[in-house]
Amino acid sequence: MAQVGRGIPRLEARSKVTGRAEYTHNLRLPGMLYAKVFRSTVPHGRIVRIDTSAAAALPGVERVVTGEDIRKVIPEPYYGPAFHDQPILALDKVRHVGEPVAAVVAADPHVAEQAVQLIEAEYEELPAVYDEVEAMTSQAIVHEVLKPAGTFADLKHLAGKTGTNVALDFHLTRGDTDKAFAGADHVFEHTFRSQQALHLAFEPFVAVAEPGDGMVTVHTSNQTPSFVRMEIARLLGWQENQVRVKVPLLGGGFGAKVYVKLEPLVVALALIVRRPVKVALTMEEQFYMITKHPTTFRIKSGVTKDGKITARECEVHWNGGAYADIGPRVCQKSGFTAPGPYDIDHIKIDSYELYTNRTPCGALRGFGIPQLVWAYECHTDIIARELGIDPVEMRRKNILREGRPQATGTKMKDAAIEQVLDALAEQMPWSKPFDRGTGVIRRGRGIAIGFKASISPTTSVAIVNVSADGSASLNMATTDMGQGSDTIMAQIVAEVLDIQAEHVRVMHTDTDITPYDMGTLGSRSTFHMGHAVRLAAEDAKAKLAALAAEAGLPPGTNYPPSEIFVKRYGMRAGNVIGSGTYIPTYQSPDKTTGMSENVTPFWMIGGTGAEIEVDTETGKVRVTRLVNVADCGTPINPRIATTQLSGGATMALGFTLFEDMVLDGGQVTNASLADYKIPGMHDIPPMYNELVDAKQSNGPFGAKGLGESATFGVSPAIANALDDAVGIRLTDLPMTPEAVLRALRAKEGRPLEDDA
Amino acid sequence: MPHSRNIALTVNGERYEREVEVRLMLADFLRHHLGLTGTHLGCEHGVCGACTILLDGRSARSCLLLAVQCDGHDVMTVEGIAPSADALHPLQEAFRDHHGLQCGFCTPGMLTTLIEFLRENPDPTEEEVRIAISGNLCRCTGYQGIVAAALDAAKRMQAAPA
């Protein structure tokens, strides 16, 4: 029976409904201590004094640790995937409110927490900058010297730079936009902004470090265990094989738990006290770890009178917060898609990653793409409405079709943009008349489409181990954080070995036995790890055939594997180990022009249609229907794939209508799940989810990723529906009732008092 | 332990007597003292609902209850839902079959909440299910599979009453 294409339940579902699933959250080790973190109360300042004496004197406190103490075990305690800019505990300066300044280790976490309250720190406050555009020219400089990690070639020119907050600038030029604007019938220019929001995985960040003899074991809720191993080894000056990273299931990730987060701190603390140490953040503390980039995106288009876009300029400022994390990658990797999935001859992109005095910003489900789609799909809709062209027709006229070059020059392949657009139009259904209402409640509808390139070039390695009874295990470092990777990888193994997917055992990451994987991020696993798993299973299959030949069986024998082992070894004994490594081809964008003939191994396409109701007396927007469509090639497990659509769209719905980290003087004023609302059952409209019939020709069994695709279009689809309903255009997120009401009143010529 | 007290309570049908600090939360008692780690702590302030348990059959947040408050009471956690170690409750089966879960962190609280709800309303409408779980948050699924699972569980339970 074909294993790929089956919509089977998740392999780990049983453990999750019985309460037996393993999470780092649950881990307790003999002799384990707990650490709690003392955090900065100022957004930017020099550390004058840290007084830990009262905390250290509290009965039950094992140790109080500051940044200087960390240096005794890690002399250069700066980490990060793009820049080595983040100290394990603050040294000399603090750069955002909530930055870790000291840690208390105790046997009882409540004692540690009490001791944290007894620490006092004095800062000499420095001018701070919070806005990404102001950060370009601000006198407040977050980092005195830029320290690229050396991993990424396009960051090298920033090494040692001083007096700037720019952590990466990416530029792309194709054709001549100035000339094209001069020759255009119409030129449109708008600026869109998006807010700081965050992942809020329900299992907050948690890690445990366990010192061993010449080695350390890190148990962590992390999406990139192989990177954790390398980064901890680098910090300690050890070999990679002295660092063991174990990752069970994750209680959500969404991009928060990529690269390293708590791991350097727990390792340093465990090495200082020579005992296992656990750090588990509270939900509130997640607001000070990693967030989604606020952005300002100025977009300008030249258009013919019949709606053909001839030129587009994109200037994007990404607010990266106090530490780079993976922000510079967001700026570049997402930046080159800023003009949208449109066929435009003249393009200019300037994308800037800025340091500011906010909580750091990194990857969040879409890696910057939702912020871009927000702008280009609102902009495209405004143009269509101004020119009197139907929004679906406007897009149909301009979309990138198979074989046409994207902004970088890479020719589109297996990108079902038109199919996604057609499916949206059909399911809305767009051609049917729509009742917009006449009373207090008005109705509107809107659509949006977006696309994303895969992260590249990245490597995945997998091992398939066939035991003497014919049962198969898969060793890989892909993290199942809820997206269902264990299940679909088992389906791939089963397909190749002609066994039942439910019978494949998927090992959770233990870097002592699971080989390298770049990371579970950017919707890359199905494609990259899927290929590695396929190759490993094919290798195992070939080795089984070789074993059968050694046992004297004729080629093509249908002996079950268990009998092949017995025939070869005289008893039930032995193993067959298959391995597979996958890395796609890639060409880095040219440094000056941003051009590349091969910028991604595949494209992800997502589209959203929204119907809404607006209460014109309160400004409240209620989404009454959401249509989510994506191209994920041919899904390995269609049911798991569909849950990614509803889940992604719901998360994006929160970012669209209400989620917002509110800052006051650098201080987050709503850092709790009580004050920062995420979508609950009452916010969820009826949904229609569709995966278009497509095939990724270079993907494993025709598949590619889609964990992010449903997030792309939600915000602009709702903004476009709002315009359709009441003729107002919001350019900032989130679209709260207050923002809608202000715009409605302004339009009616009776602005709210404080807007007047 | 200066601020300790002896408590006796029933958890998933088993009786426990323990000496606990008075400030110990029920969730920590279940997780750390009894090793019942199926009850998860998300927000620790009563919003997310991941830690929901049944106290004398009523859903309650174990992150907002002290262990000493449960002295003499009956607690049921996610570990107590299945009829045996090998079998699943129809609600658990429905969650598995309808993909009513992704990361699984909110699942224990969803299940306990729905156990109470389906006992009181064995034949609910979709709207009633939506209201019933509106106090439990899920960051992964978009709730679609959870609603479908609850409705199907009601059917399964009516077909084969426990």
# chains A, B, ... in the order shown; residues from 1 in each chain; ligands from 1
call {"tool": "closest_atom_pairs", "arguments": {"of": "chain B", "to": "chain A", "cutoff": "8 Å", "atoms": "only C-alpha atoms", "output": "JSON lines"}}
result
{"residue": "B:Arg31", "atom": "CA", "partner": "A:Asn26", "partner_atom": "CA", "distance": 7.9}
{"residue": "B:Thr37", "atom": "CA", "partner": "A:Asn26", "partner_atom": "CA", "distance": 6.0}
{"residue": "B:Gly38", "atom": "CA", "partner": "A:Gly19", "partner_atom": "CA", "distance": 3.7}
{"residue": "B:Thr39", "atom": "CA", "partner": "A:Gly19", "partner_atom": "CA", "distance": 7.0}
{"residue": "B:Leu41", "atom": "CA", "partner": "A:Glu203", "partner_atom": "CA", "distance": 7.6}
{"residue": "B:Gly42", "atom": "CA", "partner": "A:Phe202", "partner_atom": "CA", "distance": 5.1}
{"residue": "B:Cys43", "atom": "CA", "partner": "A:Met283", "partner_atom": "CA", "distance": 5.1}
{"residue": "B:Glu44", "atom": "CA", "partner": "A:Met283", "partner_atom": "CA", "distance": 7.6}
{"residue": "B:His45", "atom": "CA", "partner": "A:Ala674", "partner_atom": "CA", "distance": 7.8}
{"residue": "B:Val47", "atom": "CA", "partner": "A:Ala674", "partner_atom": "CA", "distance": 6.1}
{"residue": "B:Cys48", "atom": "CA", "partner": "A:Leu673", "partner_atom": "CA", "distance": 7.4}
{"residue": "B:Val78", "atom": "CA", "partner": "A:Gly19", "partner_atom": "CA", "distance": 5.8}
{"residue": "B:Glu79", "atom": "CA", "partner": "A:Thr18", "partner_atom": "CA", "distance": 5.5}
{"residue": "B:Ile81", "atom": "CA", "partner": "A:Thr18", "partner_atom": "CA", "distance": 7.4}
{"residue": "B:Ala82", "atom": "CA", "partner": "A:Thr18", "partner_atom": "CA", "distance": 7.0}
{"residue": "B:Leu88", "atom": "CA", "partner": "A:Thr18", "partner_atom": "CA", "distance": 8.0}
{"residue": "B:Gln92", "atom": "CA", "partner": "A:Val17", "partner_atom": "CA", "distance": 5.6}
{"residue": "B:Phe95", "atom": "CA", "partner": "A:Val17", "partner_atom": "CA", "distance": 7.4}
{"residue": "B:Arg96", "atom": "CA", "partner": "A:Ala13", "partner_atom": "CA", "distance": 5.4}
{"residue": "B:Asp97", "atom": "CA", "partner": "A:Pro9", "partner_atom": "CA", "distance": 5.6}
{"residue": "B:His98", "atom": "CA", "partner": "A:Pro9", "partner_atom": "CA", "distance": 7.6}
{"residue": "B:His99", "atom": "CA", "partner": "A:Pro9", "partner_atom": "CA", "distance": 6.6}
{"residue": "B:Leu101", "atom": "CA", "partner": "A:Ala13", "partner_atom": "CA", "distance": 7.6}
{"residue": "B:Gln102", "atom": "CA", "partner": "A:Gly482", "partner_atom": "CA", "distance": 4.2}
{"residue": "B:Cys103", "atom": "CA", "partner": "A:Gly482", "partner_atom": "CA", "distance": 3.5}
{"residue": "B:Gly104", "atom": "CA", "partner": "A:Lys16", "partner_atom": "CA", "distance": 5.5}
{"residue": "B:Phe105", "atom": "CA", "partner": "A:Gly251", "partner_atom": "CA", "distance": 5.2}
{"residue": "B:Cys106", "atom": "CA", "partner": "A:Phe202", "partner_atom": "CA", "distance": 7.3}
{"residue": "B:Thr107", "atom": "CA", "partner": "A:Val17", "partner_atom": "CA", "distance": 6.6}
{"residue": "B:Pro108", "atom": "CA", "partner": "A:Gly19", "partner_atom": "CA", "distance": 6.6}
{"residue": "B:Leu111", "atom": "CA", "partner": "A:Val17", "partner_atom": "CA", "distance": 7.7}
{"residue": "B:Arg130", "atom": "CA", "partner": "A:Met681", "partner_atom": "CA", "distance": 6.1}
{"residue": "B:Ile131", "atom": "CA", "partner": "A:Met681", "partner_atom": "CA", "distance": 7.5}
{"residue": "B:Ile133", "atom": "CA", "partner": "A:Met681", "partner_atom": "CA", "distance": 6.9}
{"residue": "B:Ser134", "atom": "CA", "partner": "A:Met681", "partner_atom": "CA", "distance": 4.9}
{"residue": "B:Gly135", "atom": "CA", "partner": "A:Gly680", "partner_atom": "CA", "distance": 7.7}
{"residue": "B:Asn136", "atom": "CA", "partner": "A:Gly680", "partner_atom": "CA", "distance": 7.4}
{"residue": "B:Leu137", "atom": "CA", "partner": "A:Gly680", "partner_atom": "CA", "distance": 5.6}
{"residue": "B:Cys138", "atom": "CA", "partner": "A:Gly680", "partner_atom": "CA", "distance": 7.3}
{"residue": "B:Arg139", "atom": "CA", "partner": "A:Ala201", "partner_atom": "CA", "distance": 6.8}
{"residue": "B:Cys140", "atom": "CA", "partner": "A:Gly647", "partner_atom": "CA", "distance": 5.1}
{"residue": "B:Thr141", "atom": "CA", "partner": "A:Gly647", "partner_atom": "CA", "distance": 4.2}
{"residue": "B:Gly142", "atom": "CA", "partner": "A:Gly647", "partner_atom": "CA", "distance": 4.2}
{"residue": "B:Tyr143", "atom": "CA", "partner": "A:Met681", "partner_atom": "CA", "distance": 6.8}
{"residue": "B:Gln144", "atom": "CA", "partner": "A:Ser646", "partner_atom": "CA", "distance": 7.0}
{"residue": "B:Gly145", "atom": "CA", "partner": "A:Thr643", "partner_atom": "CA", "distance": 7.7}
call {"tool": "closest_residue", "arguments": {"among": "A:Leu421, A:Val533, A:Ala35, A:Ala384", "to": "Val208 of chain A", "atoms": "only C-alpha atoms"}}
result
A:Ala35
call {"tool": "residues_around", "arguments": {"residues": "Pro370 of chain A", "least_positions_apart": "6", "cutoff": "9 Å", "atoms": "only C-alpha atoms", "output": "PyMOL selection string"}}
result
chain A and resi 450+652+711-715
call {"tool": "write_last_selection", "arguments": {"atoms": "N, CA and C atoms", "output": "short mmCIF file (atom, residue, chain, number, x, y, z; two decimals), in the first residue's frame"}}
result
data_model
loop_
_atom_site.label_atom_id
_atom_site.label_comp_id
_atom_site.auth_asym_id
_atom_site.auth_seq_id
_atom_site.Cartn_x
_atom_site.Cartn_y
_atom_site.Cartn_z
N GLY A 450 0.76 35.60 -1.74
CA GLY A 450 2.16 35.87 -1.42
C GLY A 450 3.01 34.66 -1.76
N ALA A 652 -1.89 34.22 12.03
CA ALA A 652 -1.82 35.49 11.29
C ALA A 652 -3.03 36.37 11.58
N THR A 711 0.09 31.95 6.34
CA THR A 711 0.21 33.21 7.07
C THR A 711 0.35 34.41 6.13
N PHE A 712 0.76 34.15 4.88
CA PHE A 712 1.18 35.25 4.01
C PHE A 712 0.10 36.32 3.81
N GLY A 713 -1.09 35.87 3.40
CA GLY A 713 -2.06 36.83 2.88
C GLY A 713 -3.12 37.32 3.84
N VAL A 714 -3.11 36.85 5.07
CA VAL A 714 -4.24 37.14 5.96
C VAL A 714 -4.41 38.65 6.23
N SER A 715 -3.32 39.32 6.61
CA SER A 715 -3.45 40.74 6.97
C SER A 715 -3.93 41.60 5.79
#
call {"tool": "residues_around", "arguments": {"residues": "segment 50-60 of chain B", "least_positions_apart": "3", "cutoff": "6 Å", "atoms": "only C-alpha atoms", "output": "PyMOL selection string"}}
result
chain B and resi 39-41+74-77+106+109+112-113
call {"tool": "residues_around", "arguments": {"residues": "segment 60-70 of chain A", "least_positions_apart": "4", "cutoff": "8 Å", "atoms": "only C-alpha atoms", "output": "list in words"}}
result
Thr52, Ala55, Ala56, Ile74, Pro75, Pro77, Pro87, Ile88, Leu89, Ala90, Leu91, Val101, Ala102, Ala103, Val104, Val105, Ala106, Ala107, Asp108, Val111, Ala112, Ala115, Ala268, Leu269, Ile272 and Val273 of chain A
call {"tool": "residues_around", "arguments": {"residues": "segment 422-433 of chain A", "least_positions_apart": "5", "cutoff": "10 Å", "atoms": "only C-alpha atoms", "output": "ChimeraX atom specification"}}
result
/A:390-393,396,416-417,445-449,607-611,625-630,688-692
call {"tool": "write_last_selection", "arguments": {"atoms": "N, CA and C atoms", "output": "CSV table (one decimal), in the first residue's frame"}}
result
chain,number,residue,atom,x,y,z
A,390,ASP,N,-10.8,45.1,-11.4
A,390,ASP,CA,-11.1,44.1,-10.4
A,390,ASP,C,-9.8,43.6,-9.8
A,391,PRO,N,-9.8,43.5,-8.4
A,391,PRO,CA,-8.5,43.1,-7.8
A,391,PRO,C,-8.0,41.7,-8.2
A,392,VAL,N,-8.9,40.8,-8.5
A,392,VAL,CA,-8.4,39.5,-9.0
A,392,VAL,C,-7.9,39.6,-10.4
A,393,GLU,N,-8.5,40.4,-11.2
A,393,GLU,CA,-8.0,40.6,-12.6
A,393,GLU,C,-6.7,41.3,-12.6
A,396,ARG,N,-4.2,38.8,-11.8
A,396,ARG,CA,-4.0,37.9,-12.9
A,396,ARG,C,-3.2,38.5,-14.1
A,416,ALA,N,2.7,27.4,-8.3
A,416,ALA,CA,1.3,27.4,-8.8
A,416,ALA,C,0.6,28.7,-8.4
A,417,ILE,N,1.2,29.9,-8.7
A,417,ILE,CA,0.6,31.1,-8.3
A,417,ILE,C,-0.8,31.3,-8.9
A,445,ARG,N,-15.1,42.1,1.3
A,445,ARG,CA,-14.3,41.0,1.0
A,445,ARG,C,-13.0,41.4,0.3
A,446,GLY,N,-12.0,40.6,0.6
A,446,GLY,CA,-10.7,40.9,-0.1
A,446,GLY,C,-9.9,39.7,-0.2
A,447,ILE,N,-8.9,39.8,-1.1
A,447,ILE,CA,-8.0,38.6,-1.3
A,447,ILE,C,-6.5,39.1,-1.3
A,448,ALA,N,-5.6,38.2,-1.1
A,448,ALA,CA,-4.2,38.5,-1.2
A,448,ALA,C,-3.4,37.3,-1.4
A,449,ILE,N,-2.3,37.4,-2.2
A,449,ILE,CA,-1.5,36.2,-2.4
A,449,ILE,C,0.0,36.6,-2.1
A,607,GLY,N,-2.3,31.9,-0.5
A,607,GLY,CA,-3.3,33.0,-0.7
A,607,GLY,C,-4.4,32.9,0.3
A,608,THR,N,-5.0,34.1,0.5
A,608,THR,CA,-6.1,34.2,1.5
A,608,THR,C,-7.2,35.0,0.9
A,609,GLY,N,-8.4,34.5,1.2
A,609,GLY,CA,-9.6,35.3,0.9
A,609,GLY,C,-10.4,35.6,2.2
A,610,ALA,N,-10.8,36.8,2.5
A,610,ALA,CA,-11.5,37.1,3.7
A,610,ALA,C,-12.8,37.8,3.4
A,611,GLU,N,-13.8,37.4,4.2
A,611,GLU,CA,-15.1,38.1,4.2
A,611,GLU,C,-15.2,38.7,5.6
A,625,ARG,N,-15.6,34.8,7.3
A,625,ARG,CA,-15.1,33.6,6.5
A,625,ARG,C,-13.7,33.8,6.1
A,626,LEU,N,-12.9,32.7,6.1
A,626,LEU,CA,-11.5,32.8,5.7
A,626,LEU,C,-11.3,31.6,4.8
A,627,VAL,N,-10.7,31.9,3.6
A,627,VAL,CA,-10.4,30.9,2.6
A,627,VAL,C,-8.9,30.9,2.5
A,628,ASN,N,-8.3,29.7,2.8
A,628,ASN,CA,-6.8,29.6,2.8
A,628,ASN,C,-6.4,28.6,1.7
A,629,VAL,N,-5.6,29.0,0.8
A,629,VAL,CA,-5.2,28.2,-0.3
A,629,VAL,C,-3.7,28.2,-0.4
A,630,ALA,N,-3.1,27.1,-0.6
A,630,ALA,CA,-1.6,27.0,-0.8
A,630,ALA,C,-1.2,26.0,-1.8
A,688,TYR,N,-12.3,27.7,5.0
A,688,TYR,CA,-12.2,26.7,3.9
A,688,TYR,C,-10.7,26.6,3.6
A,689,ASN,N,-10.1,25.4,3.6
A,689,ASN,CA,-8.7,25.2,3.4
A,689,ASN,C,-8.5,24.3,2.1
A,690,GLU,N,-7.7,24.8,1.2
A,690,GLU,CA,-7.4,24.0,0.0
A,690,GLU,C,-6.0,24.0,-0.4
A,691,LEU,N,-5.5,22.8,-0.7
A,691,LEU,CA,-4.2,22.6,-1.3
A,691,LEU,C,-4.4,22.4,-2.8
A,692,VAL,N,-3.8,23.2,-3.6
A,692,VAL,CA,-4.1,23.1,-5.0
A,692,VAL,C,-3.4,21.8,-5.5
call {"tool": "residues_around", "arguments": {"residues": "Arg15 of chain B", "least_positions_apart": "2", "cutoff": "12 Å", "atoms": "only C-alpha atoms", "output": "number ranges by chain"}}
result
B: 7-13, 17-18, 34, 71-76
call {"tool": "closest_residue", "arguments": {"among": "A:Ala472, A:Ala717, A:Leu733, A:Leu198", "to": "Gln500 of chain A", "atoms": "only C-alpha atoms"}}
result
A:Ala472
call {"tool": "decode", "arguments": {"residues": "segment 5-28 of chain B", "atoms": "N, CA and C atoms", "output": "compact mmCIF listing (two decimals), in the first residue's frame"}}
result
# COMPACT_ATOMS: atom_id res chain seq x y z
N ARG B 5 1.85 21.14 55.43
CA ARG B 5 0.64 20.54 55.94
C ARG B 5 0.46 19.16 55.32
N ASN B 6 -0.22 18.30 56.02
CA ASN B 6 -0.52 16.98 55.46
C ASN B 6 -1.83 17.06 54.70
N ILE B 7 -1.83 16.50 53.50
CA ILE B 7 -3.08 16.44 52.74
C ILE B 7 -3.34 15.00 52.29
N ALA B 8 -4.62 14.71 52.08
CA ALA B 8 -5.00 13.41 51.53
C ALA B 8 -6.01 13.67 50.43
N LEU B 9 -5.76 13.13 49.27
CA LEU B 9 -6.68 13.37 48.16
C LEU B 9 -6.66 12.18 47.21
N THR B 10 -7.65 12.15 46.33
CA THR B 10 -7.70 11.08 45.33
C THR B 10 -7.32 11.69 43.98
N VAL B 11 -6.39 11.06 43.30
CA VAL B 11 -6.02 11.51 41.95
C VAL B 11 -6.16 10.33 41.00
N ASN B 12 -6.99 10.50 40.00
CA ASN B 12 -7.26 9.45 39.01
C ASN B 12 -7.61 8.13 39.71
N GLY B 13 -8.38 8.24 40.77
CA GLY B 13 -8.87 7.04 41.45
C GLY B 13 -7.94 6.47 42.49
N GLU B 14 -6.71 7.04 42.59
CA GLU B 14 -5.79 6.54 43.61
C GLU B 14 -5.67 7.53 44.76
N ARG B 15 -5.58 6.98 45.96
CA ARG B 15 -5.52 7.85 47.12
C ARG B 15 -4.05 8.16 47.45
N TYR B 16 -3.79 9.44 47.71
CA TYR B 16 -2.43 9.88 48.06
C TYR B 16 -2.46 10.65 49.37
N GLU B 17 -1.47 10.40 50.23
CA GLU B 17 -1.29 11.23 51.43
C GLU B 17 0.11 11.82 51.34
N ARG B 18 0.21 13.11 51.43
CA ARG B 18 1.51 13.76 51.28
C ARG B 18 1.62 14.96 52.21
N GLU B 19 2.86 15.28 52.59
CA GLU B 19 3.12 16.52 53.30
C GLU B 19 3.60 17.54 52.27
N VAL B 20 2.91 18.67 52.18
CA VAL B 20 3.27 19.66 51.16
C VAL B 20 3.41 21.05 51.76
N GLU B 21 4.24 21.86 51.13
CA GLU B 21 4.31 23.27 51.51
C GLU B 21 2.98 23.92 51.18
N VAL B 22 2.57 24.84 52.02
CA VAL B 22 1.24 25.43 51.79
C VAL B 22 1.21 26.26 50.51
N ARG B 23 2.38 26.76 50.06
CA ARG B 23 2.37 27.59 48.85
C ARG B 23 2.44 26.77 47.56
N LEU B 24 2.51 25.46 47.70
CA LEU B 24 2.66 24.62 46.51
C LEU B 24 1.37 24.62 45.67
N MET B 25 1.52 24.92 44.39
CA MET B 25 0.36 24.90 43.50
C MET B 25 -0.02 23.45 43.18
N LEU B 26 -1.29 23.25 42.89
CA LEU B 26 -1.75 21.90 42.55
C LEU B 26 -0.99 21.35 41.34
N ALA B 27 -0.77 22.22 40.34
CA ALA B 27 -0.08 21.77 39.12
C ALA B 27 1.30 21.23 39.46
N ASP B 28 2.03 21.94 40.32
CA ASP B 28 3.37 21.49 40.69
C ASP B 28 3.30 20.21 41.53
